[in-house]
$ cat protein_32.csv   # CSV, C-alpha atoms
chain,number,residue,atom,x,y,z
J,1,THR,CA,-158.1,14.0,-118.6
J,2,PRO,CA,-155.4,16.6,-119.2
J,3,LEU,CA,-156.3,20.1,-118.0
J,4,TYR,CA,-155.4,21.7,-121.4
J,5,PRO,CA,-155.8,20.3,-124.9
J,6,PRO,CA,-152.6,19.1,-126.6
J,7,GLU,CA,-152.4,22.1,-128.9
J,8,ILE,CA,-152.5,24.6,-126.0
J,9,ARG,CA,-149.8,22.6,-124.0
J,10,ALA,CA,-147.6,22.6,-127.1
J,11,ASN,CA,-147.8,26.4,-127.4
J,12,SER,CA,-147.2,27.1,-123.7
J,13,VAL,CA,-144.2,29.4,-123.0
J,14,LYS,CA,-141.4,27.9,-120.8
J,15,ALA,CA,-139.0,30.0,-118.7
J,16,PRO,CA,-135.5,30.2,-120.3
J,17,ARG,CA,-132.9,27.9,-118.8
J,18,GLY,CA,-130.6,30.8,-118.0
J,19,ARG,CA,-133.3,32.4,-115.8
J,20,LEU,CA,-134.0,29.2,-114.0
J,21,ALA,CA,-130.3,28.8,-113.3
J,22,PHE,CA,-130.1,32.3,-112.0
J,23,ARG,CA,-133.1,31.8,-109.7
J,24,ALA,CA,-131.5,28.6,-108.3
J,25,VAL,CA,-128.1,30.3,-107.6
J,26,TYR,CA,-129.9,33.3,-106.0
J,27,LYS,CA,-131.9,31.1,-103.7
J,28,LEU,CA,-128.7,29.2,-102.8
J,29,TRP,CA,-127.1,32.5,-102.0
J,30,LEU,CA,-130.0,33.6,-99.8
J,31,ARG,CA,-129.9,30.4,-97.9
J,32,LEU,CA,-126.1,30.7,-97.4
J,33,ARG,CA,-126.4,34.3,-96.3
J,34,GLN,CA,-129.1,33.3,-93.8
J,35,TYR,CA,-126.9,30.5,-92.6
J,36,LEU,CA,-123.9,32.7,-92.2
J,37,GLY,CA,-125.9,35.3,-90.5
J,38,ARG,CA,-126.3,33.1,-87.5
J,39,GLU,CA,-123.8,34.3,-85.0
J,40,SER,CA,-122.7,30.8,-84.0
J,41,VAL,CA,-122.0,29.9,-87.6
J,42,GLY,CA,-120.8,33.2,-89.1
J,43,SER,CA,-118.2,33.8,-86.3
J,44,TRP,CA,-116.3,30.6,-87.5
J,45,LEU,CA,-117.2,29.8,-91.1
J,46,THR,CA,-117.0,33.3,-92.5
J,47,PRO,CA,-113.5,33.9,-91.2
J,48,MET,CA,-112.4,30.7,-92.8
J,49,LEU,CA,-113.9,31.8,-96.1
J,50,LEU,CA,-112.1,35.1,-95.8
J,51,VAL,CA,-108.8,33.3,-95.0
J,52,PHE,CA,-109.2,31.0,-98.0
J,53,SER,CA,-109.8,34.0,-100.3
J,54,LEU,CA,-106.8,35.9,-98.9
J,55,THR,CA,-104.7,32.8,-99.3
J,56,ALA,CA,-105.7,32.5,-102.9
J,57,PHE,CA,-104.8,36.1,-103.6
J,58,GLN,CA,-101.4,35.6,-101.9
J,59,LEU,CA,-100.6,32.6,-104.0
J,60,ALA,CA,-101.7,34.4,-107.1
J,61,GLY,CA,-99.1,37.1,-106.4
J,62,ALA,CA,-101.6,39.9,-105.6
J,63,PHE,CA,-99.5,41.0,-102.6
J,64,THR,CA,-96.1,40.9,-104.3
J,65,ILE,CA,-95.6,44.7,-104.2
J,66,PRO,CA,-96.4,45.3,-100.5
J,67,ASP,CA,-94.5,42.1,-99.4
J,68,GLY,CA,-91.5,43.2,-101.5
J,69,ARG,CA,-91.5,46.6,-100.0
J,70,LEU,CA,-91.6,45.2,-96.5
J,71,PHE,CA,-88.8,42.9,-97.4
J,72,ASP,CA,-86.7,45.8,-98.7
J,73,ALA,CA,-87.5,47.9,-95.6
J,74,ALA,CA,-86.3,45.1,-93.3
J,75,THR,CA,-83.3,43.7,-95.1
J,76,THR,CA,-81.7,47.0,-96.1
J,77,ARG,CA,-81.5,47.7,-92.3
J,78,PHE,CA,-79.8,44.4,-91.4
J,79,ALA,CA,-76.2,44.5,-90.2
J,80,GLY,CA,-73.5,43.7,-92.8
J,81,SER,CA,-71.4,40.6,-92.6
J,82,THR,CA,-67.8,39.7,-93.5
J,83,PRO,CA,-67.4,40.3,-97.2
J,84,LYS,CA,-67.2,37.1,-99.3
J,85,VAL,CA,-66.8,38.7,-102.8
J,86,VAL,CA,-64.4,41.2,-104.2
J,87,LEU,CA,-64.9,43.2,-107.4
J,88,ILE,CA,-62.1,43.6,-109.8
J,89,GLU,CA,-62.8,46.5,-112.1
J,90,GLN,CA,-61.4,46.0,-115.6
J,91,GLY,CA,-60.6,49.3,-117.2
J,92,ALA,CA,-61.5,50.1,-120.9
J,93,GLY,CA,-57.8,49.8,-121.9
J,94,PHE,CA,-56.8,46.9,-119.8
J,95,GLY,CA,-55.4,44.0,-121.8
J,96,GLU,CA,-56.3,45.5,-125.2
J,97,GLY,CA,-56.9,42.0,-126.4
J,98,GLN,CA,-53.6,40.7,-125.0
J,99,SER,CA,-53.9,37.5,-123.0
J,100,HIS,CA,-50.7,38.1,-120.9
J,101,ASP,CA,-52.3,40.8,-118.9
J,102,PHE,CA,-55.2,38.5,-117.9
J,103,ALA,CA,-52.6,35.8,-117.1
J,104,LYS,CA,-50.9,38.2,-114.7
J,105,LEU,CA,-54.3,39.3,-113.3
J,106,GLU,CA,-55.3,35.7,-112.6
J,107,ALA,CA,-51.9,34.8,-111.2
J,108,GLY,CA,-52.0,37.9,-108.9
J,109,LEU,CA,-55.5,36.9,-107.6
J,110,VAL,CA,-54.3,33.4,-106.9
J,111,ALA,CA,-51.3,34.8,-105.0
J,112,LEU,CA,-53.7,37.0,-103.0
J,113,GLY,CA,-55.7,33.9,-101.9
J,114,VAL,CA,-59.0,34.0,-103.8
J,115,ASP,CA,-61.0,30.8,-103.9
J,116,ARG,CA,-62.7,31.3,-107.3
J,117,ILE,CA,-62.5,33.8,-110.2
J,118,GLY,CA,-65.6,34.8,-112.3
J,119,TYR,CA,-65.6,36.7,-115.5
J,120,LEU,CA,-68.4,39.2,-116.4
J,121,GLY,CA,-67.1,39.9,-119.9
J,122,GLU,CA,-64.8,38.4,-122.4
J,123,ARG,CA,-61.8,36.3,-121.2
J,124,PRO,CA,-59.1,35.9,-123.9
J,125,LEU,CA,-57.3,32.6,-124.0
J,126,VAL,CA,-55.0,32.9,-121.0
J,127,LEU,CA,-51.5,31.3,-121.3
J,128,GLY,CA,-49.4,30.8,-118.3
J,129,GLY,CA,-52.2,31.6,-115.9
J,130,PRO,CA,-53.4,29.5,-112.9
J,131,ARG,CA,-54.7,26.0,-113.7
J,132,SER,CA,-58.2,25.0,-112.8
J,133,ALA,CA,-56.9,22.7,-110.1
J,134,ASP,CA,-55.5,25.8,-108.4
J,135,VAL,CA,-58.6,28.0,-108.6
J,136,PRO,CA,-61.9,27.4,-110.4
J,137,ILE,CA,-62.7,29.9,-113.2
J,138,VAL,CA,-66.3,30.7,-114.0
J,139,LEU,CA,-67.3,32.3,-117.3
J,140,GLY,CA,-70.6,34.3,-117.4
J,141,LEU,CA,-72.1,33.5,-120.8
J,142,PRO,CA,-75.5,34.4,-122.4
J,143,ALA,CA,-78.1,31.7,-122.7
J,144,GLU,CA,-80.4,31.2,-125.7
J,145,PRO,CA,-83.3,28.8,-126.3
J,146,ILE,CA,-82.7,25.5,-128.0
J,147,PRO,CA,-84.9,25.2,-131.2
J,148,ALA,CA,-88.0,23.2,-130.7
J,149,SER,CA,-87.4,22.9,-127.0
J,150,GLU,CA,-88.1,24.8,-123.8
J,151,ALA,CA,-84.5,24.3,-122.6
J,152,LEU,CA,-81.6,26.7,-122.9
J,153,ARG,CA,-78.0,26.5,-123.9
J,154,LEU,CA,-74.9,28.7,-123.3
J,155,VAL,CA,-73.6,30.8,-126.1
J,156,GLY,CA,-69.9,31.0,-126.3
J,157,GLY,CA,-66.9,28.7,-125.9
J,158,VAL,CA,-65.8,27.1,-122.6
J,159,VAL,CA,-62.2,26.2,-122.7
J,160,SER,CA,-60.6,23.5,-120.7
J,161,GLY,CA,-60.1,24.5,-117.0
J,162,THR,CA,-63.2,26.8,-117.0
J,163,THR,CA,-66.9,26.4,-116.1
J,164,GLY,CA,-69.7,28.1,-118.1
J,165,ALA,CA,-72.6,29.7,-116.3
J,166,ALA,CA,-75.7,31.6,-117.4
J,167,ARG,CA,-75.2,35.4,-117.3
J,168,SER,CA,-79.0,36.1,-117.2
J,169,LEU,CA,-80.9,38.4,-114.9
J,170,PRO,CA,-84.4,37.4,-113.7
J,171,GLN,CA,-87.4,39.5,-114.4
J,172,SER,CA,-87.8,42.4,-112.1
J,173,GLN,CA,-90.6,42.6,-109.5
J,174,TYR,CA,-92.5,45.6,-110.7
J,175,GLY,CA,-89.2,47.4,-111.7
J,176,ILE,CA,-87.1,46.3,-108.7
J,177,TYR,CA,-84.4,43.7,-109.0
J,178,ARG,CA,-84.3,41.7,-105.7
J,179,SER,CA,-84.5,38.1,-106.8
J,180,GLN,CA,-82.4,35.5,-108.6
J,181,GLN,CA,-82.8,32.0,-110.0
J,182,ALA,CA,-80.3,29.4,-108.9
J,183,SER,CA,-80.3,27.7,-112.3
J,184,LEU,CA,-82.0,27.5,-115.7
J,185,ALA,CA,-83.5,24.6,-117.5
J,186,GLY,CA,-81.0,23.1,-119.9
J,187,GLU,CA,-80.0,19.9,-121.7
J,188,PRO,CA,-78.9,17.4,-120.5
J,189,GLY,CA,-79.1,19.0,-117.0
J,190,ARG,CA,-79.8,22.4,-115.4
J,191,ILE,CA,-77.5,25.3,-116.1
J,192,PRO,CA,-76.2,27.2,-113.0
J,193,THR,CA,-76.5,30.9,-113.0
J,194,PHE,CA,-73.3,33.0,-112.6
J,195,ALA,CA,-73.5,33.6,-108.9
J,196,THR,CA,-74.5,29.9,-108.2
J,197,ALA,CA,-71.4,28.6,-110.0
J,198,LEU,CA,-69.2,31.3,-108.4
J,199,ALA,CA,-70.4,30.3,-105.0
J,200,GLY,CA,-69.9,26.6,-105.6
J,201,ARG,CA,-73.6,25.8,-105.0
J,202,GLU,CA,-75.6,23.0,-106.7
J,203,PRO,CA,-77.8,24.3,-109.5
J,204,GLU,CA,-81.1,23.7,-107.8
J,205,ASP,CA,-84.5,24.5,-109.4
J,206,SER,CA,-85.3,27.4,-107.1
J,207,ALA,CA,-85.5,31.1,-106.9
J,208,PHE,CA,-84.6,33.3,-103.9
J,209,LEU,CA,-84.6,36.9,-102.7
J,210,VAL,CA,-81.3,38.8,-102.3
J,211,GLN,CA,-80.5,40.6,-99.1
J,212,MET,CA,-78.8,44.0,-99.7
J,213,PRO,CA,-78.0,45.6,-96.3
J,214,ARG,CA,-76.8,49.2,-96.6
J,215,ALA,CA,-74.1,48.4,-94.2
J,216,GLN,CA,-72.8,45.5,-96.3
J,217,SER,CA,-69.3,46.1,-97.8
J,218,ILE,CA,-68.3,44.8,-101.2
J,219,PRO,CA,-64.6,45.7,-101.7
J,220,SER,CA,-63.4,46.6,-105.1
J,221,PHE,CA,-60.0,47.1,-106.8
J,222,THR,CA,-58.8,47.8,-110.3
J,223,ALA,CA,-57.2,45.2,-112.4
J,224,GLU,CA,-54.1,47.4,-112.6
J,225,GLN,CA,-53.8,47.3,-108.8
J,226,ILE,CA,-53.7,43.5,-108.8
J,227,VAL,CA,-51.2,43.3,-111.7
J,228,GLU,CA,-48.9,45.8,-110.2
J,229,GLY,CA,-48.9,44.0,-106.8
J,230,GLN,CA,-50.3,46.9,-104.7
J,231,LEU,CA,-52.0,44.4,-102.3
J,232,GLU,CA,-50.2,42.2,-99.7
J,233,PRO,CA,-50.1,38.5,-100.5
J,234,GLY,CA,-53.0,36.6,-98.9
J,235,GLU,CA,-55.0,39.9,-98.4
J,236,LEU,CA,-58.0,38.4,-100.3
J,237,THR,CA,-57.9,34.9,-98.7
J,238,GLY,CA,-61.2,33.1,-98.8
J,239,LEU,CA,-62.9,35.6,-101.2
J,240,VAL,CA,-64.2,35.0,-104.6
J,241,ALA,CA,-63.3,37.5,-107.3
J,242,ILE,CA,-65.5,38.9,-110.0
J,243,ILE,CA,-63.6,40.5,-112.9
J,244,ALA,CA,-66.1,42.9,-114.5
J,245,ASP,CA,-65.7,44.7,-117.8
J,246,PRO,CA,-66.8,48.3,-118.3
J,247,ASP,CA,-70.3,47.3,-119.5
J,248,ALA,CA,-70.9,45.3,-116.3
J,249,LEU,CA,-69.8,48.3,-114.2
J,250,LYS,CA,-72.4,50.7,-115.6
J,251,PRO,CA,-75.3,51.6,-113.2
J,252,SER,CA,-78.3,49.9,-114.9
J,253,LEU,CA,-80.5,48.3,-112.2
J,254,ALA,CA,-83.1,49.5,-109.7
J,255,THR,CA,-82.7,47.6,-106.4
J,256,PRO,CA,-83.9,47.8,-102.8
J,257,LEU,CA,-80.9,50.1,-102.2
J,258,SER,CA,-81.9,52.5,-105.1
J,259,PRO,CA,-85.6,51.8,-105.9
J,260,ASP,CA,-86.2,55.0,-107.7
J,261,THR,CA,-83.2,55.1,-109.9
J,262,ASN,CA,-81.0,52.6,-111.8
J,263,GLY,CA,-78.2,53.1,-109.4
J,264,MET,CA,-76.6,49.6,-109.2
J,265,SER,CA,-74.4,48.0,-111.8
J,266,GLU,CA,-74.8,44.4,-112.9
J,267,ALA,CA,-71.4,43.5,-111.3
J,268,GLN,CA,-72.6,44.9,-107.9
J,269,PHE,CA,-75.9,43.0,-108.1
J,270,ARG,CA,-74.2,39.7,-108.9
J,271,ALA,CA,-71.7,40.4,-106.1
J,272,PHE,CA,-74.6,40.7,-103.6
J,273,VAL,CA,-76.1,37.5,-105.0
J,274,ALA,CA,-72.9,35.5,-104.7
J,275,HIS,CA,-72.3,37.0,-101.2
J,276,ASN,CA,-75.8,35.8,-100.1
J,277,LEU,CA,-75.2,32.3,-101.5
J,278,ILE,CA,-71.7,31.9,-100.0
J,279,SER,CA,-72.8,33.2,-96.5
J,280,GLY,CA,-76.1,31.3,-96.6
J,281,HIS,CA,-78.2,34.5,-96.3
J,282,GLU,CA,-80.5,34.0,-99.4
J,283,ILE,CA,-84.2,34.4,-98.6
J,284,TYR,CA,-86.8,32.0,-99.8
J,285,VAL,CA,-90.5,32.7,-100.1
J,286,ALA,CA,-92.7,30.5,-97.9
J,287,PRO,CA,-94.1,27.6,-99.9
J,288,PRO,CA,-97.9,27.4,-100.6
J,289,TRP,CA,-98.5,24.8,-97.9
J,290,GLU,CA,-96.9,27.0,-95.2
J,291,VAL,CA,-98.8,30.0,-96.4
J,292,ALA,CA,-102.1,28.1,-96.2
J,293,LEU,CA,-101.2,26.7,-92.8
J,294,LEU,CA,-100.3,30.1,-91.3
J,295,MET,CA,-103.4,31.8,-92.7
J,296,ILE,CA,-105.7,29.1,-91.3
J,297,ILE,CA,-104.0,29.2,-87.9
J,298,ALA,CA,-104.3,33.0,-87.8
J,299,GLY,CA,-108.0,33.0,-88.8
J,300,LEU,CA,-108.9,30.2,-86.2
J,301,VAL,CA,-107.0,31.9,-83.4
J,302,LEU,CA,-108.6,35.3,-84.0
J,303,ALA,CA,-112.1,33.7,-84.3
J,304,LEU,CA,-111.5,31.8,-81.0
J,305,VAL,CA,-110.4,34.9,-79.2
J,306,PHE,CA,-113.5,36.9,-80.4
J,307,SER,CA,-115.8,34.0,-79.3
J,308,ARG,CA,-114.6,34.7,-75.7
J,309,ILE,CA,-114.7,38.5,-75.7
J,310,ASP,CA,-116.7,41.5,-76.9
J,311,PRO,CA,-115.6,42.2,-80.5
J,312,LYS,CA,-116.6,45.8,-80.4
J,313,ARG,CA,-114.7,46.5,-77.2
J,314,PHE,CA,-111.4,45.1,-78.5
J,315,ALA,CA,-111.9,46.0,-82.2
J,316,VAL,CA,-108.7,48.1,-82.3
J,317,ILE,CA,-106.4,46.8,-79.6
J,318,LEU,CA,-106.7,43.1,-80.6
J,319,PRO,CA,-105.8,43.4,-84.3
J,320,LEU,CA,-103.1,45.8,-83.4
J,321,GLY,CA,-101.6,43.3,-81.0
J,322,PHE,CA,-101.8,40.5,-83.6
J,323,SER,CA,-100.3,42.7,-86.3
J,324,ALA,CA,-97.3,43.6,-84.0
J,325,MET,CA,-96.8,39.9,-83.3
J,326,VAL,CA,-96.8,39.1,-87.1
J,327,LEU,CA,-94.3,41.9,-87.8
J,328,VAL,CA,-91.9,40.7,-85.1
J,329,GLY,CA,-92.3,37.1,-86.3
J,330,ALA,CA,-91.7,38.0,-89.9
J,331,TRP,CA,-88.6,39.9,-88.9
J,332,ALA,CA,-87.3,36.9,-87.0
J,333,ALA,CA,-88.1,34.6,-89.9
J,334,LEU,CA,-86.1,36.8,-92.2
J,335,LEU,CA,-83.2,37.0,-89.8
J,336,TYR,CA,-82.9,33.5,-88.5
J,337,ALA,CA,-84.9,31.2,-90.9
J,338,ASN,CA,-84.2,32.9,-94.2
J,339,LYS,CA,-87.9,32.8,-95.0
J,340,LEU,CA,-90.3,35.5,-96.2
J,341,LEU,CA,-93.8,35.1,-94.7
J,342,PRO,CA,-97.1,36.3,-96.2
J,343,VAL,CA,-97.1,39.4,-94.1
J,344,THR,CA,-99.6,41.5,-96.1
J,345,ALA,CA,-102.2,38.7,-96.2
J,346,LEU,CA,-101.8,38.0,-92.5
J,347,LEU,CA,-102.3,41.7,-91.6
J,348,LEU,CA,-105.3,42.0,-93.8
J,349,SER,CA,-106.9,38.9,-92.3
J,350,PHE,CA,-106.8,40.3,-88.8
J,351,TRP,CA,-108.5,43.6,-89.7
J,352,ILE,CA,-111.1,42.1,-92.1
J,353,ILE,CA,-112.1,39.4,-89.7
J,354,THR,CA,-112.4,41.9,-86.9
J,355,PHE,CA,-114.5,44.2,-89.0
J,356,HIS,CA,-116.8,41.3,-89.9
J,357,ARG,CA,-117.1,40.2,-86.3
J,358,VAL,CA,-118.1,43.7,-85.1
J,359,LEU,CA,-120.7,44.0,-87.9
J,360,LEU,CA,-122.1,40.5,-87.0
J,361,ARG,CA,-122.4,41.5,-83.3
J,362,GLU,CA,-124.1,44.8,-84.1
J,363,ARG,CA,-126.6,43.1,-86.4
J,364,HIS,CA,-127.6,40.6,-83.7
J,365,GLN,CA,-127.9,43.3,-81.1
J,366,ASP,CA,-130.3,45.3,-83.3
J,367,MET,CA,-132.5,42.3,-83.9
$ encode --input "protein_32.csv" --output "structure tokens"
Amino acid sequence: TPLYPPEIRANSVKAPRGRLAFRAVYKLWLRLRQYLGRESVGSWLTPMLLVFSLTAFQLAGAFTIPDGRLFDAATTRFAGSTPKVVLIEQGAGFGEGQSHDFAKLEAGLVALGVDRIGYLGERPLVLGGPRSADVPIVLGLPAEPIPASEALRLVGGVVSGTTGAARSLPQSQYGIYRSQQASLAGEPGRIPTFATALAGREPEDSAFLVQMPRAQSIPSFTAEQIVEGQLEPGELTGLVAIIADPDALKPSLATPLSPDTNGMSEAQFRAFVAHNLISGHEIYVAPPWEVALLMIIAGLVLALVFSRIDPKRFAVILPLGFSAMVLVGAWAALLYANKLLPVTALLLSFWIITFHRVLLRERHQDM
């Protein structure tokens, strides 16, 4: 016999499903909190949860600004290397649309020993200049989207004996230009960017950071100096030349060398990019699997150390020591491996895990 008549059971009020779900989640949270509150469990599992959270933030780009600032502070203090690029400044009146001046300019650069010539600006049809078999000529051209496609195509003509490349700048990282793409998606294949083609590198689907040491020298001459023969033959042997028009020489970019002002021209920026590629000094961000592996190792090592010592006693000296090791290792990775490590996430993991371990110890001492 039912306890209540059918009409009473039908009119009974049931709890909303949302409230039942909230109660279930709350009970689960209380059990998880109680489980993590055990010192033997919380000292290992909680650091791993913190590490996974910081890794997710790192991969989502939450630490781009501090990592970028650390990269700038380190690489701008690196020593310079032998120049690989020379800037040729094209004056406003140079050529005046006449191709014979550009023919003399290219012939003069070939006589000086340059390996490649790149144009940041219009190149009139050159007659009597060097053939492509003598020295490759790269034209920096704008790129536009192909209708009904995600690929790009170059805008402008590429005459015989020259190579077209995309004259496009990447998006700045919070106002600072410090990176460059090796190529852009095109049809039928990838389109090399200007510096990639000028350096003779393959158009890989990758992006990299550009080192800009303050001690790095980028020599520059005017087009008139080359045409008039003011340099000794072979003086530019082994270099690549960038012929830049007046627009490309105007200061317009904020870089690690001038983060607060637009103090660098497009031509100088591309010269640094080409120098990095030719000398093999471009910096690549650590891939996701390396970031995750480094973060897990850091969390496990710190948890293991704290399981052997008193966290409160070493709450300052231990994370300081680990932080110093990370900074030294990150400097070495930049200098010798051309790799940018997740420095900010690693430093935060040490201090957050230490803070949690000290709180966990104090809680169990008070119980």
$ residues_around --input "protein_32.csv" --residues "J:Glu89" --least-positions-apart "4" --cutoff "12 Å" --atoms "only C-alpha atoms" --output "ChimeraX atom specification"
/J:93-94,105,119-121,219-226,241-250,265,267-268
$ residues_near_point --input "protein_32.csv" --point "(-75.0, 49.5, -109.5)" --cutoff "7 Å" --atoms "all atoms listed in the file" --output "PDB file with C-alpha atoms, keeping the file's coordinate frame"
ATOM      1  CA  LYS J 250     -72.400  50.700-115.600  1.00  0.00           C
ATOM      2  CA  PRO J 251     -75.300  51.600-113.200  1.00  0.00           C
ATOM      3  CA  SER J 252     -78.300  49.900-114.900  1.00  0.00           C
ATOM      4  CA  LEU J 253     -80.500  48.300-112.200  1.00  0.00           C
ATOM      5  CA  GLY J 263     -78.200  53.100-109.400  1.00  0.00           C
ATOM      6  CA  MET J 264     -76.600  49.600-109.200  1.00  0.00           C
ATOM      7  CA  SER J 265     -74.400  48.000-111.800  1.00  0.00           C
ATOM      8  CA  GLU J 266     -74.800  44.400-112.900  1.00  0.00           C
ATOM      9  CA  GLN J 268     -72.600  44.900-107.900  1.00  0.00           C
ATOM     10  CA  PHE J 269     -75.900  43.000-108.100  1.00  0.00           C
TER      11      PHE J 269
END
$ atom_distance --input "protein_32.csv" --atom1 "atom CA of J:Pro259" --atom2 "atom CA of J:Arg69"
9.8 Å
$ residues_around --input "protein_32.csv" --residues "J:Ala143" --least-positions-apart "4" --cutoff "8 Å" --atoms "all atoms listed in the file" --output "PDB file with C-alpha atoms, in the coordinates of the input"
ATOM      1  CA  LEU J 152     -81.600  26.700-122.900  1.00  0.00           C
ATOM      2  CA  ARG J 153     -78.000  26.500-123.900  1.00  0.00           C
ATOM      3  CA  LEU J 154     -74.900  28.700-123.300  1.00  0.00           C
ATOM      4  CA  VAL J 155     -73.600  30.800-126.100  1.00  0.00           C
ATOM      5  CA  ALA J 166     -75.700  31.600-117.400  1.00  0.00           C
ATOM      6  CA  ARG J 167     -75.200  35.400-117.300  1.00  0.00           C
ATOM      7  CA  SER J 168     -79.000  36.100-117.200  1.00  0.00           C
TER       8      SER J 168
END
$ closest_residue --input "protein_32.csv" --among "J:Asp67, J:Asp260, J:Glu235, J:Glu150" --to "J:Val86" --atoms "all atoms listed in the file"
J:Glu235
$ atom_distance --input "protein_32.csv" --atom1 "atom CA of J:Arg178" --atom2 "atom CA of J:Ala254"
8.8 Å
